[in-house]
Each structure stands twice: as structure tokens, then as C-alpha cells.
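Colleague: Here you go, run_1.cif (mmCIF, C-alpha atoms):
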```
data_target
loop_
_atom_site.label_atom_id
_atom_site.label_comp_id
_atom_site.auth_asym_id
_atom_site.auth_seq_id
_atom_site.Cartn_x
_atom_site.Cartn_y
_atom_site.Cartn_z
CA MET A 1 0.00 0.00 0.00
CA THR A 2 1.03 3.60 -0.43
CA ASP A 3 3.68 4.61 2.06
CA ILE A 4 4.83 8.21 1.96
CA ALA A 5 6.46 8.13 5.41
CA ALA A 6 10.06 7.86 4.21
CA ALA A 7 9.56 10.29 1.32
CA ARG A 8 7.84 12.81 3.60
CA ARG A 9 10.69 12.62 6.13
CA ALA A 10 13.23 13.16 3.34
CA LEU A 11 11.27 16.16 2.04
CA LEU A 12 11.17 17.83 5.44
CA ALA A 13 14.90 17.18 5.95
CA CYS A 14 15.76 18.81 2.59
CA MET A 15 13.67 21.88 3.33
CA LEU A 16 14.35 22.40 7.02
CA ASP A 17 17.75 20.88 7.82
CA ALA A 18 19.90 21.51 4.73
CA ASP A 19 21.60 24.84 4.05
CA GLY A 20 19.52 27.35 2.12
CA ALA A 21 19.18 31.02 1.23
CA ALA A 22 16.98 31.72 4.26
CA PRO A 23 18.23 30.95 7.79
CA LYS A 24 17.09 27.61 9.19
CA ALA A 25 15.19 29.30 12.03
CA GLN A 26 13.21 31.40 9.54
CA ARG A 27 12.37 28.35 7.40
CA ARG A 28 11.26 26.50 10.52
CA ALA A 29 9.10 29.48 11.54
CA ALA A 30 7.52 29.54 8.03
CA PHE A 31 6.88 25.79 8.21
CA GLU A 32 5.21 26.17 11.61
CA ASN A 33 3.49 29.45 10.63
CA ALA A 34 4.59 30.88 13.95
CA GLY A 35 6.99 33.66 14.86
CA VAL A 36 7.23 35.26 11.40
CA THR A 37 6.83 39.05 11.38
CA GLY A 38 6.19 41.91 8.93
CA PRO A 39 5.06 41.67 5.29
CA VAL A 40 6.48 38.13 5.00
CA ARG A 41 4.04 37.09 7.68
CA THR A 42 1.13 38.46 5.61
CA LEU A 43 2.28 36.47 2.59
CA LEU A 44 2.82 33.23 4.51
CA GLU A 45 -0.44 33.63 6.43
CA LYS A 46 -2.33 33.82 3.13
CA ILE A 47 -0.50 30.76 1.77
CA THR A 48 -1.51 28.71 4.80
CA ARG A 49 -5.11 29.97 4.93
CA ASP A 50 -6.38 31.20 1.54
CA ALA A 51 -3.59 30.77 -0.97
CA HIS A 52 -5.80 31.95 -3.84
CA ARG A 53 -5.89 35.38 -2.17
CA VAL A 54 -2.12 35.91 -2.54
CA SER A 55 -1.55 38.99 -4.70
CA ASP A 56 1.35 40.54 -6.59
CA ASP A 57 1.40 43.23 -3.88
CA ASP A 58 1.97 40.64 -1.14
CA VAL A 59 5.07 39.38 -2.93
CA HIS A 60 6.29 42.92 -3.71
CA ALA A 61 5.88 43.92 -0.05
CA ALA A 62 7.88 40.91 1.11
CA ARG A 63 10.62 41.72 -1.45
CA ALA A 64 10.63 45.38 -0.35
CA CYS A 65 11.43 44.41 3.23
CA GLY A 66 14.68 42.85 2.07
CA GLN A 67 13.86 39.20 1.31
CA THR A 68 15.47 37.84 -1.85
CA GLU A 69 13.47 35.80 -4.34
CA ASP A 70 15.37 32.68 -3.31
CA GLN A 71 14.48 33.30 0.31
CA LEU A 72 10.81 33.80 -0.58
CA PHE A 73 10.84 30.61 -2.70
CA GLU A 74 12.09 28.71 0.35
CA LEU A 75 9.76 30.37 2.86
CA ALA A 76 6.68 29.96 0.65
CA THR A 77 7.38 26.27 0.01
CA CYS A 78 8.04 25.71 3.72
CA ALA A 79 4.74 27.43 4.61
CA ALA A 80 2.74 25.33 2.12
CA VAL A 81 4.36 22.05 3.13
CA GLY A 82 3.95 22.97 6.80
CA GLN A 83 0.21 23.57 6.41
CA ALA A 84 -0.28 20.34 4.43
CA ASN A 85 1.77 18.50 7.05
CA ARG A 86 -0.31 19.80 9.98
CA GLN A 87 -3.51 18.78 8.20
CA TYR A 88 -2.07 15.36 7.35
CA GLU A 89 -0.95 14.68 10.92
CA SER A 90 -4.21 15.87 12.43
CA ALA A 91 -6.22 13.69 10.01
CA MET A 92 -4.00 10.66 10.71
CA ALA A 93 -4.58 11.18 14.45
CA ALA A 94 -8.36 11.37 13.87
CA LEU A 95 -8.15 8.16 11.84
CA ALA A 96 -6.21 6.40 14.60
CA GLN A 97 -8.82 7.49 17.12
CA ALA A 98 -11.67 6.40 14.85
CA SER A 99 -10.21 2.98 14.20
CA GLY A 100 -9.15 2.40 17.80
CA LYS A 101 -5.43 2.27 17.07
CA GLU A 102 -4.01 5.17 18.99
CA MET B 1 4.92 33.81 -12.12
CA ARG B 2 5.41 36.14 -9.19
CA LEU B 3 9.04 35.11 -8.61
CA SER B 4 11.16 35.65 -11.73
CA ILE B 5 13.65 33.00 -10.57
CA LEU B 6 10.94 30.38 -11.15
CA ASP B 7 10.56 31.55 -14.76
CA LYS B 8 14.18 32.24 -15.64
CA GLY B 9 16.48 31.23 -12.82
CA HIS B 10 17.15 27.60 -13.73
CA GLY B 11 20.59 26.19 -14.46
CA LEU B 12 21.80 25.68 -18.02
CA GLY B 13 21.06 21.95 -18.03
CA THR B 14 17.47 22.55 -16.97
CA LYS B 15 17.05 25.33 -19.53
CA ALA B 16 18.25 22.90 -22.19
CA LEU B 17 15.72 20.33 -20.93
CA PHE B 18 12.94 22.95 -21.17
CA ALA B 19 13.96 23.68 -24.76
CA LEU B 20 13.70 19.95 -25.54
CA ILE B 21 10.30 19.65 -23.84
CA GLY B 22 9.07 22.70 -25.75
CA ALA B 23 10.29 21.31 -29.07
CA ALA B 24 8.91 17.80 -28.48
CA SER B 25 5.49 18.87 -27.15
CA ARG B 26 5.20 22.06 -29.22
CA GLN B 27 3.75 23.63 -26.07
CA PRO B 28 5.23 26.05 -23.55
CA VAL B 29 6.67 24.42 -20.42
CA LEU B 30 4.02 24.34 -17.68
CA ASP B 31 4.67 26.42 -14.56
CA ILE B 32 4.47 23.33 -12.34
CA ILE B 33 7.48 21.88 -14.20
CA LYS B 34 9.35 25.16 -13.74
CA LEU B 35 8.61 25.02 -10.00
CA VAL B 36 9.73 21.45 -9.39
CA LYS B 37 12.87 21.93 -11.51
CA TYR B 38 14.01 25.08 -9.69
CA ARG B 39 16.72 24.20 -7.14
CA ALA B 40 15.23 20.73 -7.26
CA ASP B 41 17.22 19.40 -4.31
CA PHE B 42 15.45 21.82 -1.97
CA TYR B 43 11.82 21.09 -2.88
CA GLY B 44 11.02 19.67 -6.32
CA LYS B 45 12.88 16.39 -6.22
CA PRO B 46 11.85 15.22 -2.73
CA MET B 47 8.28 16.52 -3.26
CA SER B 48 7.98 14.67 -6.56
CA ALA B 49 8.97 11.46 -4.76
CA VAL B 50 6.13 11.98 -2.27
CA THR B 51 3.66 12.80 -5.04
CA HIS B 52 4.64 9.83 -7.19
CA GLU B 53 4.26 7.39 -4.30
CA ALA B 54 0.87 8.88 -3.36
CA MET B 55 -0.47 8.91 -6.92
CA ARG B 56 1.11 5.83 -8.48
CA GLY B 57 2.22 3.67 -5.55
CA PRO B 58 0.28 0.47 -4.76
CA SER B 59 -3.24 1.26 -3.51
CA GLU B 60 -6.78 -0.10 -3.55
CA TRP B 61 -7.73 3.25 -5.09
CA SER B 62 -7.35 3.38 -8.85
CA VAL B 63 -5.21 6.00 -10.57
CA GLY B 64 -8.45 7.70 -11.69
CA ASP B 65 -9.76 7.80 -8.12
CA ARG B 66 -6.55 9.40 -6.88
CA GLU B 67 -6.49 11.96 -9.69
CA LEU B 68 -10.08 12.80 -8.79
CA MET B 69 -8.99 13.27 -5.16
CA ALA B 70 -6.27 15.66 -6.38
CA ALA B 71 -8.90 17.60 -8.36
CA ILE B 72 -11.18 17.85 -5.31
CA VAL B 73 -8.30 19.12 -3.17
CA ALA B 74 -7.55 21.68 -5.88
CA GLN B 75 -11.21 22.72 -5.93
CA ALA B 76 -11.20 23.11 -2.14
CA ASN B 77 -8.20 25.43 -2.44
CA ALA B 78 -9.73 27.28 -5.43
CA CYS B 79 -6.74 26.42 -7.61
CA ARG B 80 -7.84 26.56 -11.23
CA PHE B 81 -4.54 25.30 -12.64
CA CYS B 82 -4.66 22.10 -10.58
CA ILE B 83 -8.41 21.53 -11.03
CA GLU B 84 -7.92 21.59 -14.79
CA ALA B 85 -4.75 19.48 -14.70
CA HIS B 86 -6.06 16.69 -12.48
CA SER B 87 -9.56 16.57 -13.86
CA ALA B 88 -7.89 16.10 -17.27
CA VAL B 89 -5.79 13.18 -15.97
CA ALA B 90 -8.84 11.69 -14.19
CA ARG B 91 -10.90 11.91 -17.39
CA LEU B 92 -8.19 10.02 -19.28
CA ALA B 93 -7.66 7.45 -16.50
CA TYR B 94 -11.38 6.69 -16.15
CA ALA B 95 -12.10 7.20 -19.86
CA ASP B 96 -15.20 8.96 -18.51
CA GLU B 97 -15.58 12.69 -18.97
CA ALA B 98 -19.11 12.92 -17.52
CA LYS B 99 -18.21 11.30 -14.20
CA VAL B 100 -15.39 13.73 -13.47
CA ALA B 101 -17.53 16.72 -14.44
CA ALA B 102 -20.39 15.47 -12.24
CA VAL B 103 -18.14 15.10 -9.18
CA LEU B 104 -16.71 18.60 -9.55
CA ALA B 105 -20.16 20.10 -10.16
CA ASP B 106 -22.00 18.34 -7.31
CA LEU B 107 -20.18 15.75 -5.22
CA ASP B 108 -23.35 14.75 -3.32
CA ALA B 109 -25.27 13.89 -6.48
CA ALA B 110 -22.49 12.46 -8.68
CA PRO B 111 -22.85 8.83 -9.84
CA ILE B 112 -19.89 7.36 -7.91
CA PRO B 113 -19.64 4.64 -5.24
CA GLU B 114 -20.38 5.78 -1.67
CA PRO B 115 -16.91 4.89 -0.31
CA LEU B 116 -15.27 7.21 -2.86
CA ARG B 117 -17.85 9.96 -2.24
CA ALA B 118 -17.35 9.80 1.54
CA THR B 119 -13.57 9.93 1.08
CA LEU B 120 -13.74 12.90 -1.29
CA ARG B 121 -16.06 14.70 1.14
CA MET B 122 -13.63 14.12 4.01
CA LEU B 123 -10.68 15.41 1.94
CA ARG B 124 -12.60 18.52 0.94
CA LYS B 125 -13.41 19.28 4.57
CA LEU B 126 -9.82 18.66 5.66
CA VAL B 127 -8.47 21.13 3.12
CA MET B 128 -11.15 23.79 3.61
CA GLU B 129 -11.35 23.64 7.40
CA HIS B 130 -7.82 22.29 8.13
CA SER B 131 -9.00 19.38 10.27
CA VAL B 132 -11.45 16.48 10.46
CA SER B 133 -12.82 14.82 13.58
CA ALA B 134 -12.69 11.18 14.64
CA ASP B 135 -16.48 11.04 14.10
CA GLU B 136 -16.03 12.23 10.53
CA MET B 137 -13.40 9.53 10.01
CA ARG B 138 -15.79 6.93 11.46
CA ALA B 139 -18.40 8.05 8.92
CA VAL B 140 -15.91 7.37 6.10
CA LEU B 141 -14.93 3.96 7.51
CA ALA B 142 -18.62 3.07 7.91
CA THR B 143 -19.08 3.22 4.11
CA GLY B 144 -16.62 0.33 3.76
CA VAL B 145 -13.42 2.29 3.14
CA SER B 146 -10.47 0.53 4.80
CA ARG B 147 -8.12 2.29 7.18
CA GLN B 148 -5.34 1.85 4.61
CA GLN B 149 -7.47 3.47 1.92
CA VAL B 150 -8.01 6.50 4.16
CA GLU B 151 -4.26 6.72 4.70
CA ASP B 152 -3.69 6.51 0.95
CA ALA B 153 -6.22 9.28 0.35
CA LEU B 154 -4.55 11.46 3.00
CA ALA B 155 -1.24 10.99 1.20
CA VAL B 156 -2.84 12.38 -1.97
CA ALA B 157 -4.20 15.31 0.02
CA PHE B 158 -0.77 16.03 1.53
CA ALA B 159 0.81 16.23 -1.92
CA PHE B 160 -1.90 18.33 -3.52
CA ASP B 161 -2.68 20.60 -0.63
CA THR B 162 0.97 21.64 -0.90
CA THR B 163 1.00 21.93 -4.69
CA THR B 164 -2.26 23.87 -4.98
CA ARG B 165 -1.20 26.38 -2.31
CA LEU B 166 2.04 26.99 -4.20
CA ALA B 167 0.33 27.24 -7.59
CA GLU B 168 -1.80 30.06 -6.19
CA ALA B 169 1.01 31.70 -4.20
CA PHE B 170 3.37 31.81 -7.18
CA GLY B 171 0.63 32.67 -9.69
CA PHE B 172 0.80 29.77 -12.15
CA ALA B 173 -0.36 30.75 -15.64
CA ILE B 174 -3.36 28.81 -16.96
CA PRO B 175 -2.14 27.11 -20.14
CA SER B 176 -4.12 26.40 -23.29
CA SER B 177 -6.28 23.27 -23.20
CA GLN B 178 -3.87 21.68 -25.72
CA ALA B 179 -0.92 22.24 -23.37
CA MET B 180 -2.92 20.96 -20.38
CA ASN B 181 -4.01 17.83 -22.27
CA ALA B 182 -0.45 17.13 -23.38
CA GLY B 183 0.62 17.42 -19.73
CA ALA B 184 -2.21 15.12 -18.61
CA LYS B 185 -1.18 12.42 -21.11
CA PHE B 186 2.39 12.66 -19.84
CA LEU B 187 1.30 12.35 -16.19
CA LEU B 188 -0.87 9.34 -16.95
CA ALA B 189 1.90 7.58 -18.85
CA ARG B 190 4.89 8.51 -16.71
CA GLY B 191 3.70 9.62 -13.28
CA TYR B 192 5.26 12.37 -11.21
CA ARG B 193 8.95 11.48 -10.96
#
```
Could you express the structure from this file as C-alpha cells?

Modeller:
Amino acid sequence: MTDIAAARRALLACMLDADGAAPKAQRRAAFENAGVTGPVRTLLEKITRDAHRVSDDDVHAARACGQTEDQLFELATCAAVGQANRQYESAMAALAQASGKE
Amino acid sequence: MRLSILDKGHGLGTKALFALIGAASRQPVLDIIKLVKYRADFYGKPMSAVTHEAMRGPSEWSVGDRELMAAIVAQANACRFCIEAHSAVARLAYADEAKVAAVLADLDAAPIPEPLRATLRMLRKLVMEHSVSADEMRAVLATGVSRQQVEDALAVAFAFDTTTRLAEAFGFAIPSSQAMNAGAKFLLARGYR
């Protein structure tokens, strides 16, 4: 049966543990959607809540506060993966509870 | 796209690959390809491994079912690019255009088996409201869906919740229907690796 456990672990390691353009702490904060400030926070908040509401202005504002495009690429991907990961883990926990295998 | 590096920042080898893809397909390279090929060691390569396992790994769900799940996740995130892409692959995989259209138009009334409907409903709620309860999971299991099938469906949701959020964040261009259909044929034949 489908088993994404190993591939998901490898993905998170590449994004959060390897060297990148953005500091590790900032990538971790984007992934957790916690502790990010300023215009970048607005952008990442939209990605995790209503990604279709992201506008050109959101990206311009994040660039204007000094983030490079490579940093924004990393932070945006971390935010999206982080949100999908939280939903996945919460749904897996609900499934374990529902099927009596906690 | 909103980040110019995703349009033009690729290495020379990748640019050469894009030129080959463009020449062979006679279509512009889709933005999703540009995303997963940009600094692929950071995101694209490991994410494609997750997506391929979720969409083409062994499962009691058919390829068509899983493509339909991807389309429903895309619909829940209001991502037109991914709705069009995965409904196109689902149509090809099922060889049934009407079924896919019916599910996207009205999931409650569409002519599909109850286990698939309950699973799609659960995925839609997960993506739109960010969580599902144990009772909602019990309702899915009660239709005859196995625990493993729920896990497989959640793997699809993980992959496409991520992809659809990024498609919207980066502003993927909506390609022509010819380009989208060429991409769908490729995905059906080759998968996501």
C-alpha cells in the first residue's frame, strides 16, 4: 500500500535541515506558521489559509522588506508544506482514534 | 509567475531540458514543471517522490480515483490550474468525462460509489477547514473504506494541498487546453517522478 512516510521525512529534511538562502530558524518558523513578522508574515499567512488570495502586492511587499526571491521561494514552500503537514498529521490522528489504534 | 527565478532562474542543463520539452510537445513548459525543476534538491525532487508514491504507488484506489482526489483538493483550495490538470488526468484514467464533471459540479449527487464519495467529502473538509474529527473519520470507515485506503487518500491530500497552495502563491499561468491535455497524457503515462 502507499507509504509516503520515508519520502515525507526526506522532504522535510531537505527543506528544514539543509543549508539554504533563508536561515534555518526562519524556514522552521515559516513551516510552523509561527513567529514570522512583517510583510512576509502576511504572505505566509495567506498561503496557509487562503492561498488563492495571494496577490502581486503581497510578494512585492515581502521583497521590499529585504527578502530575496530565493528566500521567498524557500519560505513559501516551507509554509505550504507545513500547512499540508499539519492537516495530514491531524487527520492521521483522527483516523487512529476512529479505528481504535491510537 | 510572481518570482522571476521560477521563470528564468534555472541552471543551463534545466534550460536545455525545457527547450527539448518545448520542441517535443510544441507547447510552452508548464509552470508546475518550472517550479519542481528550480533548485530541485530543496523542494522539487523530494516533493515529486512523495507525489509519485501517493499517486502511483500500490493502492486499492485506482489512478483515476486518486487523480479525482487531487482535483477535489484543488477545488477546495480554489486552484484553477490544478483543477484543470487533475480533472484532465482523471478523465483520461477513467475514460469517462461525464463522471469527473459530475463530481466537480456536485459531489453529493455524482454517480460514484459511496466509499469514494465519503472519502472525497472528508478530503474537501480537511483542506477547507484544516481538520477532520474522529467522528467524521468513522463516517468514512462506515461506508466500507479501509483504514489503509483513508491513509492513501490522505497521502494524496498532503501532496496536492501543498501543490495547490504553491500554484496560487506563485501565480501559475493557466495554459491552453492543448498544453494541459499534453501534460495530462504525460502524467498518466509517466507519473510524477

Colleague: Using all atoms listed in the file, I'd like a table of the residues in chain B that come within 7 Å of chain A; for each, show the closest atom pair and its distance in Å rounded to one decimal, ordered by chain and ascending number, as a Markdown table.

Modeller:
```
| residue | atom | partner | partner_atom | distance |
| --- | --- | --- | --- | --- |
| B:Arg2 | CA | A:Asp56 | CA | 6.5 |
| B:Leu3 | CA | A:Glu69 | CA | 6.2 |
| B:Ile5 | CA | A:Glu69 | CA | 6.8 |
| B:Phe42 | CA | A:Cys14 | CA | 5.5 |
| B:Tyr43 | CA | A:Met15 | CA | 6.5 |
| B:Pro46 | CA | A:Leu11 | CA | 4.9 |
| B:Met47 | CA | A:Leu11 | CA | 6.1 |
| B:Ala49 | CA | A:Ala7 | CA | 6.2 |
| B:Val50 | CA | A:Ala7 | CA | 5.2 |
| B:Glu53 | CA | A:Thr2 | CA | 6.3 |
| B:Ala54 | CA | A:Thr2 | CA | 6.0 |
| B:Gly57 | CA | A:Thr2 | CA | 5.3 |
| B:Pro58 | CA | A:Met1 | CA | 4.8 |
| B:Ser59 | CA | A:Met1 | CA | 4.9 |
| B:Ala78 | CA | A:His52 | CA | 6.3 |
| B:Cys79 | CA | A:His52 | CA | 6.8 |
| B:Leu126 | CA | A:Gln87 | CA | 6.8 |
| B:His130 | CA | A:Gln87 | CA | 5.6 |
| B:Ser131 | CA | A:Gln87 | CA | 5.9 |
| B:Val132 | CA | A:Ala91 | CA | 5.9 |
| B:Ser133 | CA | A:Ala94 | CA | 5.6 |
| B:Ala134 | CA | A:Ala94 | CA | 4.4 |
| B:Asp135 | CA | A:Ala98 | CA | 6.7 |
| B:Met137 | CA | A:Leu95 | CA | 5.7 |
| B:Arg138 | CA | A:Ala98 | CA | 5.4 |
| B:Asp152 | CA | A:Thr2 | CA | 5.7 |
| B:Leu154 | CA | A:Tyr88 | CA | 6.3 |
| B:Ala155 | CA | A:Ile4 | CA | 6.7 |
| B:Phe158 | CA | A:Ala84 | CA | 5.2 |
| B:Asp161 | CA | A:Ala84 | CA | 5.6 |
| B:Thr162 | CA | A:Ala80 | CA | 5.1 |
| B:Arg165 | CA | A:Ala51 | CA | 5.2 |
| B:Leu166 | CA | A:Ala80 | CA | 6.6 |
| B:Glu168 | CA | A:His52 | CA | 5.0 |
| B:Ala169 | CA | A:Val54 | CA | 5.5 |
```

Colleague: Hey, could you pull the box centre and edge lengths for region 87-95 of chain B, axis-aligned, 6 Å padding per side, all listed atoms, to one decimal in Å, as AutoDock Vina command-line options?

Modeller:
```
--center_x -8.9 --center_y 11.6 --center_z -16.9 --size_x 18.3 --size_y 21.9 --size_z 18.0
```

Colleague: If we count all atoms listed in the file and set the cut-off at 7 Å, which residues sit around region 22-37 of chain B, ignoring sequence neighbours fewer than 4 positions away in its own chain? Please answer as a ChimeraX atom specification.

Modeller: /B:6-7,18,43-45,172-173,179

Colleague: Expand the PyMOL selection byres ((chain B and resi 81) around 8) into the explicit residue set it covers here, and present it as a VMD selection string.

Modeller: chain B and resid 79 to 80 82 to 85 167 172 to 174

Colleague: What is the CA of Thr37 (chain A)-CA of Ala74 (chain B) distance in Å, reported with one decimal?

Modeller: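 These two atoms are separated by 28.4 Å.
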
Colleague: Expressed in Å to a single decimal, how great is the separation between CA of Asn33 (chain A) and CA of Val156 (chain B)?

Modeller: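 Between CA of Asn33 (chain A) and CA of Val156 (chain B) the gap is 22.1 Å.
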
Colleague: Might you pull out every residue within 7 Å of Val145 (chain B), with all atoms listed in the file counted and same-chain residues fewer than 5 positions away left off, and present them as an mmCIF file with C-alpha atoms, keeping the file's coordinate frame?

Modeller:
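To be explicit, this is the file written out as selection.cif:
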```cif
data_model
loop_
_atom_site.group_PDB
_atom_site.id
_atom_site.type_symbol
_atom_site.label_atom_id
_atom_site.label_comp_id
_atom_site.auth_asym_id
_atom_site.auth_seq_id
_atom_site.Cartn_x
_atom_site.Cartn_y
_atom_site.Cartn_z
ATOM 1 C CA PRO B 115 -16.910 4.890 -0.310
ATOM 2 C CA VAL B 140 -15.910 7.370 6.100
ATOM 3 C CA VAL B 150 -8.010 6.500 4.160
#
```

Colleague: Could you jot down the CA of Ala110 (chain B) to CA of Glu60 (chain B) separation for me, Å, one decimal place?

Modeller: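 Atom-to-atom, CA of Ala110 (chain B) and CA of Glu60 (chain B) are spaced 20.8 Å apart.
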
Colleague: With all atoms listed in the file as the counted atoms, please give the residues lying no more than 12 Å from region 95-97 of chain B, apart from itself and same-chain residues fewer than 2 positions off, as a ChimeraX atom specification.

Modeller: /B:63-65,68,87-93,99-104,111-112,188
